[in-house]
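Below: model-v9.cif (mmCIF, N, CA and C atoms)
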```
data_final
loop_
_atom_site.label_atom_id
_atom_site.label_comp_id
_atom_site.auth_asym_id
_atom_site.auth_seq_id
_atom_site.Cartn_x
_atom_site.Cartn_y
_atom_site.Cartn_z
N MET A 43 -13.72 30.66 -32.70
CA MET A 43 -13.07 29.46 -32.22
C MET A 43 -12.59 29.63 -30.78
N LYS A 44 -12.28 30.86 -30.40
CA LYS A 44 -11.80 31.09 -29.04
C LYS A 44 -12.91 30.92 -28.02
N ILE A 45 -14.12 31.28 -28.37
CA ILE A 45 -15.24 31.22 -27.41
C ILE A 45 -15.54 29.77 -27.01
N PRO A 46 -15.65 28.81 -27.96
CA PRO A 46 -15.90 27.43 -27.51
C PRO A 46 -14.76 26.87 -26.65
N ILE A 47 -13.53 27.24 -26.95
CA ILE A 47 -12.41 26.75 -26.15
C ILE A 47 -12.46 27.35 -24.74
N LEU A 48 -12.79 28.64 -24.65
CA LEU A 48 -12.90 29.28 -23.34
C LEU A 48 -14.05 28.68 -22.53
N LEU A 49 -15.18 28.40 -23.20
CA LEU A 49 -16.30 27.78 -22.51
C LEU A 49 -15.94 26.37 -22.03
N LEU A 50 -15.22 25.63 -22.85
CA LEU A 50 -14.79 24.29 -22.47
C LEU A 50 -13.85 24.34 -21.27
N LEU A 51 -12.90 25.26 -21.28
CA LEU A 51 -11.98 25.41 -20.15
C LEU A 51 -12.72 25.83 -18.88
N ALA A 52 -13.70 26.72 -19.01
CA ALA A 52 -14.49 27.15 -17.86
C ALA A 52 -15.29 25.98 -17.30
N PHE A 53 -15.86 25.18 -18.18
CA PHE A 53 -16.64 24.02 -17.74
C PHE A 53 -15.74 23.00 -17.02
N ILE A 54 -14.56 22.76 -17.56
CA ILE A 54 -13.62 21.81 -16.94
C ILE A 54 -13.17 22.31 -15.58
N SER A 55 -12.88 23.59 -15.47
CA SER A 55 -12.43 24.12 -14.19
C SER A 55 -13.55 24.09 -13.15
N LEU A 56 -14.79 24.35 -13.54
CA LEU A 56 -15.90 24.27 -12.60
C LEU A 56 -16.21 22.83 -12.21
N ALA A 57 -16.08 21.93 -13.17
CA ALA A 57 -16.34 20.52 -12.87
C ALA A 57 -15.30 19.95 -11.92
N SER A 58 -14.07 20.43 -11.99
CA SER A 58 -13.04 19.93 -11.09
C SER A 58 -13.25 20.42 -9.65
N CYS A 59 -13.95 21.54 -9.48
CA CYS A 59 -14.23 22.07 -8.15
C CYS A 59 -15.45 21.42 -7.51
N TYR A 60 -16.25 20.72 -8.29
CA TYR A 60 -17.47 20.10 -7.79
C TYR A 60 -17.11 18.93 -6.89
N LYS A 61 -17.65 18.90 -5.67
CA LYS A 61 -17.35 17.86 -4.71
C LYS A 61 -18.42 16.78 -4.76
N LYS A 62 -17.96 15.52 -4.74
CA LYS A 62 -18.90 14.41 -4.73
C LYS A 62 -19.67 14.38 -3.42
N SER A 63 -20.89 13.91 -3.49
CA SER A 63 -21.71 13.79 -2.29
C SER A 63 -21.16 12.69 -1.39
N THR A 64 -21.10 12.98 -0.11
CA THR A 64 -20.63 11.98 0.86
C THR A 64 -21.76 11.53 1.77
N ALA A 65 -22.99 11.63 1.29
CA ALA A 65 -24.14 11.27 2.12
C ALA A 65 -24.16 9.79 2.45
N ASP A 66 -23.69 8.93 1.52
CA ASP A 66 -23.72 7.49 1.77
C ASP A 66 -22.42 6.97 2.37
N GLN A 67 -21.47 7.84 2.67
CA GLN A 67 -20.21 7.42 3.25
C GLN A 67 -20.24 7.59 4.76
N LYS A 68 -19.80 6.55 5.46
CA LYS A 68 -19.84 6.55 6.91
C LYS A 68 -18.50 6.07 7.46
N ASN A 69 -18.36 6.10 8.77
CA ASN A 69 -17.14 5.65 9.43
C ASN A 69 -17.37 4.27 10.04
N TYR A 70 -16.38 3.40 9.91
CA TYR A 70 -16.49 2.03 10.41
C TYR A 70 -15.28 1.69 11.27
N TYR A 71 -15.52 0.85 12.28
CA TYR A 71 -14.47 0.32 13.14
C TYR A 71 -14.38 -1.18 12.84
N CYS A 72 -13.24 -1.63 12.33
CA CYS A 72 -13.09 -3.02 11.92
C CYS A 72 -12.05 -3.73 12.77
N VAL A 73 -12.33 -5.00 13.05
CA VAL A 73 -11.44 -5.84 13.84
C VAL A 73 -11.10 -7.07 13.01
N LYS A 74 -9.79 -7.30 12.84
CA LYS A 74 -9.30 -8.50 12.16
C LYS A 74 -8.79 -9.44 13.24
N ASN A 75 -9.34 -10.65 13.29
CA ASN A 75 -9.03 -11.59 14.36
C ASN A 75 -8.34 -12.82 13.77
N ASP A 76 -7.25 -13.23 14.40
CA ASP A 76 -6.50 -14.39 13.97
C ASP A 76 -6.64 -15.49 15.01
N SER A 77 -7.15 -16.64 14.61
CA SER A 77 -7.28 -17.78 15.50
C SER A 77 -6.29 -18.85 15.07
N LEU A 78 -5.56 -19.38 16.02
CA LEU A 78 -4.55 -20.40 15.74
C LEU A 78 -5.00 -21.71 16.37
N VAL A 79 -5.09 -22.75 15.54
CA VAL A 79 -5.47 -24.08 16.01
C VAL A 79 -4.30 -25.00 15.73
N SER A 80 -3.89 -25.78 16.72
CA SER A 80 -2.73 -26.63 16.57
C SER A 80 -3.02 -28.03 17.08
N THR A 81 -2.21 -29.01 16.62
CA THR A 81 -2.33 -30.37 17.14
C THR A 81 -1.79 -30.45 18.56
N ILE A 82 -1.03 -29.45 18.98
CA ILE A 82 -0.57 -29.35 20.36
C ILE A 82 -1.50 -28.36 21.06
N PRO A 83 -2.28 -28.80 22.03
CA PRO A 83 -3.29 -27.92 22.65
C PRO A 83 -2.73 -26.64 23.26
N VAL A 84 -1.50 -26.66 23.72
CA VAL A 84 -0.92 -25.47 24.35
C VAL A 84 -0.73 -24.36 23.32
N LEU A 85 -0.51 -24.71 22.06
CA LEU A 85 -0.28 -23.70 21.02
C LEU A 85 -1.57 -23.11 20.47
N SER A 86 -2.72 -23.71 20.74
CA SER A 86 -3.98 -23.19 20.24
C SER A 86 -4.34 -21.89 20.95
N ASN A 87 -4.78 -20.92 20.18
CA ASN A 87 -5.11 -19.62 20.75
C ASN A 87 -6.22 -19.00 19.90
N PRO A 88 -7.42 -18.77 20.47
CA PRO A 88 -8.51 -18.21 19.66
C PRO A 88 -8.30 -16.75 19.26
N HIS A 89 -7.44 -16.03 19.98
CA HIS A 89 -7.16 -14.63 19.65
C HIS A 89 -5.65 -14.42 19.58
N TYR A 90 -5.03 -15.10 18.64
CA TYR A 90 -3.58 -15.05 18.50
C TYR A 90 -3.11 -13.63 18.20
N ARG A 91 -3.73 -13.01 17.21
CA ARG A 91 -3.44 -11.61 16.89
C ARG A 91 -4.75 -10.91 16.60
N VAL A 92 -4.89 -9.70 17.09
CA VAL A 92 -6.07 -8.88 16.83
C VAL A 92 -5.59 -7.55 16.31
N ILE A 93 -6.08 -7.18 15.13
CA ILE A 93 -5.73 -5.90 14.51
C ILE A 93 -7.01 -5.09 14.38
N ALA A 94 -7.02 -3.91 14.96
CA ALA A 94 -8.21 -3.06 14.91
C ALA A 94 -7.85 -1.75 14.22
N GLY A 95 -8.83 -1.20 13.52
CA GLY A 95 -8.58 0.07 12.85
C GLY A 95 -9.87 0.73 12.39
N ASN A 96 -9.77 2.01 12.09
CA ASN A 96 -10.91 2.78 11.60
C ASN A 96 -10.82 2.96 10.10
N TYR A 97 -11.96 2.88 9.45
CA TYR A 97 -12.08 3.19 8.03
C TYR A 97 -13.06 4.35 7.94
N ASP A 98 -12.58 5.50 7.54
CA ASP A 98 -13.41 6.71 7.49
C ASP A 98 -13.87 6.99 6.07
N ASN A 99 -15.09 7.52 5.98
CA ASN A 99 -15.69 7.92 4.71
C ASN A 99 -15.70 6.79 3.68
N VAL A 100 -16.27 5.65 4.09
CA VAL A 100 -16.37 4.48 3.23
C VAL A 100 -17.85 4.12 3.12
N ASN A 101 -18.29 3.68 1.95
CA ASN A 101 -19.70 3.31 1.83
C ASN A 101 -19.89 1.83 2.17
N GLN A 102 -21.12 1.44 2.35
CA GLN A 102 -21.46 0.10 2.81
C GLN A 102 -21.00 -0.98 1.84
N ALA A 103 -21.05 -0.72 0.54
CA ALA A 103 -20.64 -1.72 -0.45
C ALA A 103 -19.15 -2.05 -0.32
N ASN A 104 -18.32 -1.05 -0.08
CA ASN A 104 -16.88 -1.30 0.08
C ASN A 104 -16.60 -2.11 1.33
N ILE A 105 -17.29 -1.81 2.42
CA ILE A 105 -17.10 -2.57 3.66
C ILE A 105 -17.55 -4.01 3.47
N ASP A 106 -18.69 -4.22 2.82
CA ASP A 106 -19.17 -5.59 2.57
C ASP A 106 -18.17 -6.37 1.74
N PHE A 107 -17.58 -5.72 0.74
CA PHE A 107 -16.59 -6.39 -0.10
C PHE A 107 -15.34 -6.76 0.71
N MET A 108 -14.89 -5.85 1.57
CA MET A 108 -13.70 -6.14 2.39
C MET A 108 -13.97 -7.29 3.35
N VAL A 109 -15.14 -7.31 3.98
CA VAL A 109 -15.46 -8.37 4.94
C VAL A 109 -15.56 -9.72 4.24
N LYS A 110 -16.11 -9.74 3.02
CA LYS A 110 -16.25 -11.01 2.30
C LYS A 110 -14.93 -11.50 1.72
N SER A 111 -14.06 -10.59 1.32
CA SER A 111 -12.82 -11.01 0.66
C SER A 111 -11.66 -11.20 1.63
N PHE A 112 -11.77 -10.75 2.87
CA PHE A 112 -10.64 -10.84 3.79
C PHE A 112 -10.39 -12.21 4.38
N PRO A 113 -11.41 -12.96 4.82
CA PRO A 113 -11.13 -14.22 5.53
C PRO A 113 -10.29 -15.19 4.69
N TYR A 114 -9.28 -15.75 5.34
CA TYR A 114 -8.47 -16.76 4.69
C TYR A 114 -7.87 -17.69 5.74
N MET A 115 -7.24 -18.74 5.26
CA MET A 115 -6.69 -19.76 6.14
C MET A 115 -5.28 -20.11 5.67
N ASP A 116 -4.36 -20.28 6.61
CA ASP A 116 -3.01 -20.73 6.32
C ASP A 116 -2.74 -21.99 7.13
N THR A 117 -2.02 -22.93 6.53
CA THR A 117 -1.65 -24.16 7.21
C THR A 117 -0.14 -24.21 7.33
N PHE A 118 0.35 -24.49 8.52
CA PHE A 118 1.78 -24.57 8.77
C PHE A 118 2.12 -25.99 9.23
N PHE A 119 3.07 -26.61 8.55
CA PHE A 119 3.56 -27.92 8.95
C PHE A 119 4.91 -27.71 9.63
N ASN A 120 4.98 -28.05 10.89
CA ASN A 120 6.21 -27.90 11.66
C ASN A 120 6.84 -29.28 11.87
N ARG A 121 8.01 -29.28 12.42
CA ARG A 121 8.69 -30.57 12.67
C ARG A 121 7.96 -31.35 13.76
N HIS A 122 8.25 -32.63 13.84
CA HIS A 122 7.67 -33.56 14.80
C HIS A 122 6.15 -33.66 14.61
N ASP A 123 5.71 -33.62 13.37
CA ASP A 123 4.29 -33.79 13.02
C ASP A 123 3.37 -32.80 13.71
N THR A 124 3.84 -31.59 13.88
CA THR A 124 3.02 -30.54 14.46
C THR A 124 2.34 -29.78 13.34
N LEU A 125 1.06 -29.64 13.43
CA LEU A 125 0.27 -28.94 12.42
C LEU A 125 -0.40 -27.74 13.07
N SER A 126 -0.27 -26.58 12.44
CA SER A 126 -0.95 -25.37 12.92
C SER A 126 -1.78 -24.80 11.80
N VAL A 127 -3.01 -24.45 12.10
CA VAL A 127 -3.90 -23.84 11.11
C VAL A 127 -4.30 -22.47 11.64
N GLU A 128 -4.15 -21.46 10.79
CA GLU A 128 -4.42 -20.08 11.17
C GLU A 128 -5.65 -19.60 10.40
N TYR A 129 -6.64 -19.10 11.10
CA TYR A 129 -7.88 -18.60 10.49
C TYR A 129 -7.99 -17.09 10.73
N TRP A 130 -8.13 -16.32 9.67
CA TRP A 130 -8.33 -14.87 9.80
C TRP A 130 -9.79 -14.54 9.49
N THR A 131 -10.39 -13.72 10.32
CA THR A 131 -11.74 -13.22 10.08
C THR A 131 -11.75 -11.70 10.28
N MET A 132 -12.79 -11.07 9.78
CA MET A 132 -12.91 -9.61 9.89
C MET A 132 -14.35 -9.24 10.17
N THR A 133 -14.55 -8.35 11.14
CA THR A 133 -15.89 -7.83 11.43
C THR A 133 -15.80 -6.31 11.49
N CYS A 134 -16.87 -5.66 11.04
CA CYS A 134 -16.90 -4.19 11.03
C CYS A 134 -18.22 -3.71 11.64
N ASP A 135 -18.11 -2.62 12.39
CA ASP A 135 -19.28 -1.97 12.98
C ASP A 135 -19.26 -0.49 12.61
N GLN A 136 -20.43 0.03 12.35
CA GLN A 136 -20.54 1.46 12.00
C GLN A 136 -20.44 2.30 13.27
N ILE A 137 -19.68 3.37 13.19
CA ILE A 137 -19.56 4.30 14.31
C ILE A 137 -20.11 5.64 13.87
N GLU A 138 -20.57 6.40 14.81
CA GLU A 138 -21.16 7.71 14.49
C GLU A 138 -20.12 8.77 14.38
#
```

Structure rendered as structure tokens:
Amino acid sequence: MKIPILLLLAFISLASCYKKSTADQKNYYCVKNDSLVSTIPVLSNPHYRVIAGNYDNVNQANIDFMVKSFPYMDTFFNRHDTLSVEYWTMTCDQIE
């Protein structure tokens, strides 16, 4: 009974040391862009806020999911019938 338990423990310890392949994981540079559109032309700004960052060791499927799920829109109603609409978008480029 001791031998199967020792073999199982040896297998578990070796399996925990095994490293996953990172061949399909790459580095990406992503830019999140916020565009503000308002009924007052002075408040409109195509690049209201820009957030940039690196995503390291990520595969293409995760990046595609982030780019598709990130864009959203917020509407702000201010006093004096001022309407502001905020559009967020995200683009990613692979870096070497």

Which residue of A:Val127, A:Val84, A:Ile93, A:Ala52 approaches Cys72 in chain A most closely, using only N, CA and C atoms: A:Ile93

For the atom pair atom C of Val79 in chain A and atom N of Val109 in chain A, what is the interatomic distance in Å to one decimal place?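 Going from atom C of Val79 in chain A over to atom N of Val109 in chain A covers 23.8 Å.
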
For the PyMOL selection byres (((chain A and resi 128 and name CA) around 10) and name CA), applied here, can you spell out every residue it catches as a ChimeraX atom specification? /A:76-80,86-88,90,114-118,126-127,129-130

According to DSSP computed on the backbone, where in range 80-127 of chain A is there alpha helix (DSSP H)? Give the residues as a list in words.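 The alpha helix (DSSP H) subset of range 80-127 of chain A is Gln102, Ala103, Asn104, Ile105, Asp106, Phe107, Met108, Val109, Lys110 and Ser111 of chain A.
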
Within 8 Å of Glu138 in chain A using only N, CA and C atoms, minus same-chain residues under 5 positions, as a ChimeraX atom specification: /A:68-71

In Å, rounded to a single decimal, give me how far CA of Val73 in chain A is from atom C of Val100 in chain A.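 Separation between atom C of Val100 in chain A and CA of Val73 in chain A: 16.0 Å.
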
By how many Å are CA of Thr131 in chain A and CA of Arg91 in chain A apart?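 Computing it gives 10.9 Å between the two atoms.
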
Per DSSP on the backbone, filter range 49-132 of chain A down to the residues in strand (DSSP E or B) and report them as a PyMOL selection string. chain A and resi 67-80+87-101+114-120+124-132

Could you take the residues named above and write them with N, CA and C atoms, as a compact mmCIF listing (two decimals), keeping the file's coordinate frame?
```
# COMPACT_ATOMS: atom_id res chain seq x y z
N GLN A 67 -21.47 7.84 2.67
CA GLN A 67 -20.21 7.42 3.25
C GLN A 67 -20.24 7.59 4.76
N LYS A 68 -19.80 6.55 5.46
CA LYS A 68 -19.84 6.55 6.91
C LYS A 68 -18.50 6.07 7.46
N ASN A 69 -18.36 6.10 8.77
CA ASN A 69 -17.14 5.65 9.43
C ASN A 69 -17.37 4.27 10.04
N TYR A 70 -16.38 3.40 9.91
CA TYR A 70 -16.49 2.03 10.41
C TYR A 70 -15.28 1.69 11.27
N TYR A 71 -15.52 0.85 12.28
CA TYR A 71 -14.47 0.32 13.14
C TYR A 71 -14.38 -1.18 12.84
N CYS A 72 -13.24 -1.63 12.33
CA CYS A 72 -13.09 -3.02 11.92
C CYS A 72 -12.05 -3.73 12.77
N VAL A 73 -12.33 -5.00 13.05
CA VAL A 73 -11.44 -5.84 13.84
C VAL A 73 -11.10 -7.07 13.01
N LYS A 74 -9.79 -7.30 12.84
CA LYS A 74 -9.30 -8.50 12.16
C LYS A 74 -8.79 -9.44 13.24
N ASN A 75 -9.34 -10.65 13.29
CA ASN A 75 -9.03 -11.59 14.36
C ASN A 75 -8.34 -12.82 13.77
N ASP A 76 -7.25 -13.23 14.40
CA ASP A 76 -6.50 -14.39 13.97
C ASP A 76 -6.64 -15.49 15.01
N SER A 77 -7.15 -16.64 14.61
CA SER A 77 -7.28 -17.78 15.50
C SER A 77 -6.29 -18.85 15.07
N LEU A 78 -5.56 -19.38 16.02
CA LEU A 78 -4.55 -20.40 15.74
C LEU A 78 -5.00 -21.71 16.37
N VAL A 79 -5.09 -22.75 15.54
CA VAL A 79 -5.47 -24.08 16.01
C VAL A 79 -4.30 -25.00 15.73
N SER A 80 -3.89 -25.78 16.72
CA SER A 80 -2.73 -26.63 16.57
C SER A 80 -3.02 -28.03 17.08
N ASN A 87 -4.78 -20.92 20.18
CA ASN A 87 -5.11 -19.62 20.75
C ASN A 87 -6.22 -19.00 19.90
N PRO A 88 -7.42 -18.77 20.47
CA PRO A 88 -8.51 -18.21 19.66
C PRO A 88 -8.30 -16.75 19.26
N HIS A 89 -7.44 -16.03 19.98
CA HIS A 89 -7.16 -14.63 19.65
C HIS A 89 -5.65 -14.42 19.58
N TYR A 90 -5.03 -15.10 18.64
CA TYR A 90 -3.58 -15.05 18.50
C TYR A 90 -3.11 -13.63 18.20
N ARG A 91 -3.73 -13.01 17.21
CA ARG A 91 -3.44 -11.61 16.89
C ARG A 91 -4.75 -10.91 16.60
N VAL A 92 -4.89 -9.70 17.09
CA VAL A 92 -6.07 -8.88 16.83
C VAL A 92 -5.59 -7.55 16.31
N ILE A 93 -6.08 -7.18 15.13
CA ILE A 93 -5.73 -5.90 14.51
C ILE A 93 -7.01 -5.09 14.38
N ALA A 94 -7.02 -3.91 14.96
CA ALA A 94 -8.21 -3.06 14.91
C ALA A 94 -7.85 -1.75 14.22
N GLY A 95 -8.83 -1.20 13.52
CA GLY A 95 -8.58 0.07 12.85
C GLY A 95 -9.87 0.73 12.39
N ASN A 96 -9.77 2.01 12.09
CA ASN A 96 -10.91 2.78 11.60
C ASN A 96 -10.82 2.96 10.10
N TYR A 97 -11.96 2.88 9.45
CA TYR A 97 -12.08 3.19 8.03
C TYR A 97 -13.06 4.35 7.94
N ASP A 98 -12.58 5.50 7.54
CA ASP A 98 -13.41 6.71 7.49
C ASP A 98 -13.87 6.99 6.07
N ASN A 99 -15.09 7.52 5.98
CA ASN A 99 -15.69 7.92 4.71
C ASN A 99 -15.70 6.79 3.68
N VAL A 100 -16.27 5.65 4.09
CA VAL A 100 -16.37 4.48 3.23
C VAL A 100 -17.85 4.12 3.12
N ASN A 101 -18.29 3.68 1.95
CA ASN A 101 -19.70 3.31 1.83
C ASN A 101 -19.89 1.83 2.17
N TYR A 114 -9.28 -15.75 5.34
CA TYR A 114 -8.47 -16.76 4.69
C TYR A 114 -7.87 -17.69 5.74
N MET A 115 -7.24 -18.74 5.26
CA MET A 115 -6.69 -19.76 6.14
C MET A 115 -5.28 -20.11 5.67
N ASP A 116 -4.36 -20.28 6.61
CA ASP A 116 -3.01 -20.73 6.32
C ASP A 116 -2.74 -21.99 7.13
N THR A 117 -2.02 -22.93 6.53
CA THR A 117 -1.65 -24.16 7.21
C THR A 117 -0.14 -24.21 7.33
N PHE A 118 0.35 -24.49 8.52
CA PHE A 118 1.78 -24.57 8.77
C PHE A 118 2.12 -25.99 9.23
N PHE A 119 3.07 -26.61 8.55
CA PHE A 119 3.56 -27.92 8.95
C PHE A 119 4.91 -27.71 9.63
N ASN A 120 4.98 -28.05 10.89
CA ASN A 120 6.21 -27.90 11.66
C ASN A 120 6.84 -29.28 11.87
N THR A 124 3.84 -31.59 13.88
CA THR A 124 3.02 -30.54 14.46
C THR A 124 2.34 -29.78 13.34
N LEU A 125 1.06 -29.64 13.43
CA LEU A 125 0.27 -28.94 12.42
C LEU A 125 -0.40 -27.74 13.07
N SER A 126 -0.27 -26.58 12.44
CA SER A 126 -0.95 -25.37 12.92
C SER A 126 -1.78 -24.80 11.80
N VAL A 127 -3.01 -24.45 12.10
CA VAL A 127 -3.90 -23.84 11.11
C VAL A 127 -4.30 -22.47 11.64
N GLU A 128 -4.15 -21.46 10.79
CA GLU A 128 -4.42 -20.08 11.17
C GLU A 128 -5.65 -19.60 10.40
N TYR A 129 -6.64 -19.10 11.10
CA TYR A 129 -7.88 -18.60 10.49
C TYR A 129 -7.99 -17.09 10.73
N TRP A 130 -8.13 -16.32 9.67
CA TRP A 130 -8.33 -14.87 9.80
C TRP A 130 -9.79 -14.54 9.49
N THR A 131 -10.39 -13.72 10.32
CA THR A 131 -11.74 -13.22 10.08
C THR A 131 -11.75 -11.70 10.28
N MET A 132 -12.79 -11.07 9.78
CA MET A 132 -12.91 -9.61 9.89
C MET A 132 -14.35 -9.24 10.17
```

Report the centre and edge lengths, in Å to one decimal, of an axis-aligned box enclosing every atom of range 120-131 of chain A listed in the file, padded by 5 Å on each side, as lines of an AutoDock Vina configuration file.
```
center_x = -1.5
center_y = -22.7
center_z = 12.1
size_x = 30.4
size_y = 32.1
size_z = 15.3
```

Fewer than 6 positions away in the same chain doesn't count, so skip those; otherwise give me all residues within 12 Å of Ile105 in chain A, counting only C-alpha atoms, as a CSV table (one decimal) with N, CA and C atoms, in the frame of the given file.
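Output (selection.csv):
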```
chain,number,residue,atom,x,y,z
A,67,GLN,N,-21.5,7.8,2.7
A,67,GLN,CA,-20.2,7.4,3.2
A,67,GLN,C,-20.2,7.6,4.8
A,68,LYS,N,-19.8,6.6,5.5
A,68,LYS,CA,-19.8,6.6,6.9
A,68,LYS,C,-18.5,6.1,7.5
A,69,ASN,N,-18.4,6.1,8.8
A,69,ASN,CA,-17.1,5.6,9.4
A,69,ASN,C,-17.4,4.3,10.0
A,70,TYR,N,-16.4,3.4,9.9
A,70,TYR,CA,-16.5,2.0,10.4
A,70,TYR,C,-15.3,1.7,11.3
A,71,TYR,N,-15.5,0.8,12.3
A,71,TYR,CA,-14.5,0.3,13.1
A,71,TYR,C,-14.4,-1.2,12.8
A,72,CYS,N,-13.2,-1.6,12.3
A,72,CYS,CA,-13.1,-3.0,11.9
A,72,CYS,C,-12.0,-3.7,12.8
A,96,ASN,N,-9.8,2.0,12.1
A,96,ASN,CA,-10.9,2.8,11.6
A,96,ASN,C,-10.8,3.0,10.1
A,97,TYR,N,-12.0,2.9,9.4
A,97,TYR,CA,-12.1,3.2,8.0
A,97,TYR,C,-13.1,4.4,7.9
A,98,ASP,N,-12.6,5.5,7.5
A,98,ASP,CA,-13.4,6.7,7.5
A,98,ASP,C,-13.9,7.0,6.1
A,99,ASN,N,-15.1,7.5,6.0
A,99,ASN,CA,-15.7,7.9,4.7
A,99,ASN,C,-15.7,6.8,3.7
A,111,SER,N,-14.1,-10.6,1.3
A,111,SER,CA,-12.8,-11.0,0.7
A,111,SER,C,-11.7,-11.2,1.6
A,112,PHE,N,-11.8,-10.8,2.9
A,112,PHE,CA,-10.6,-10.8,3.8
A,112,PHE,C,-10.4,-12.2,4.4
A,132,MET,N,-12.8,-11.1,9.8
A,132,MET,CA,-12.9,-9.6,9.9
A,132,MET,C,-14.4,-9.2,10.2
A,133,THR,N,-14.6,-8.4,11.1
A,133,THR,CA,-15.9,-7.8,11.4
A,133,THR,C,-15.8,-6.3,11.5
A,134,CYS,N,-16.9,-5.7,11.0
A,134,CYS,CA,-16.9,-4.2,11.0
A,134,CYS,C,-18.2,-3.7,11.6
A,135,ASP,N,-18.1,-2.6,12.4
A,135,ASP,CA,-19.3,-2.0,13.0
A,135,ASP,C,-19.3,-0.5,12.6
A,136,GLN,N,-20.4,0.0,12.4
A,136,GLN,CA,-20.5,1.5,12.0
A,136,GLN,C,-20.4,2.3,13.3
```

Find, counting only N, CA and C atoms, the residue in A:Asn75, A:Gln102, A:Thr81, A:Ser55 that gets nearest to Asp123 in chain A.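 For Asp123 in chain A, the nearest of the given residues is A:Thr81.
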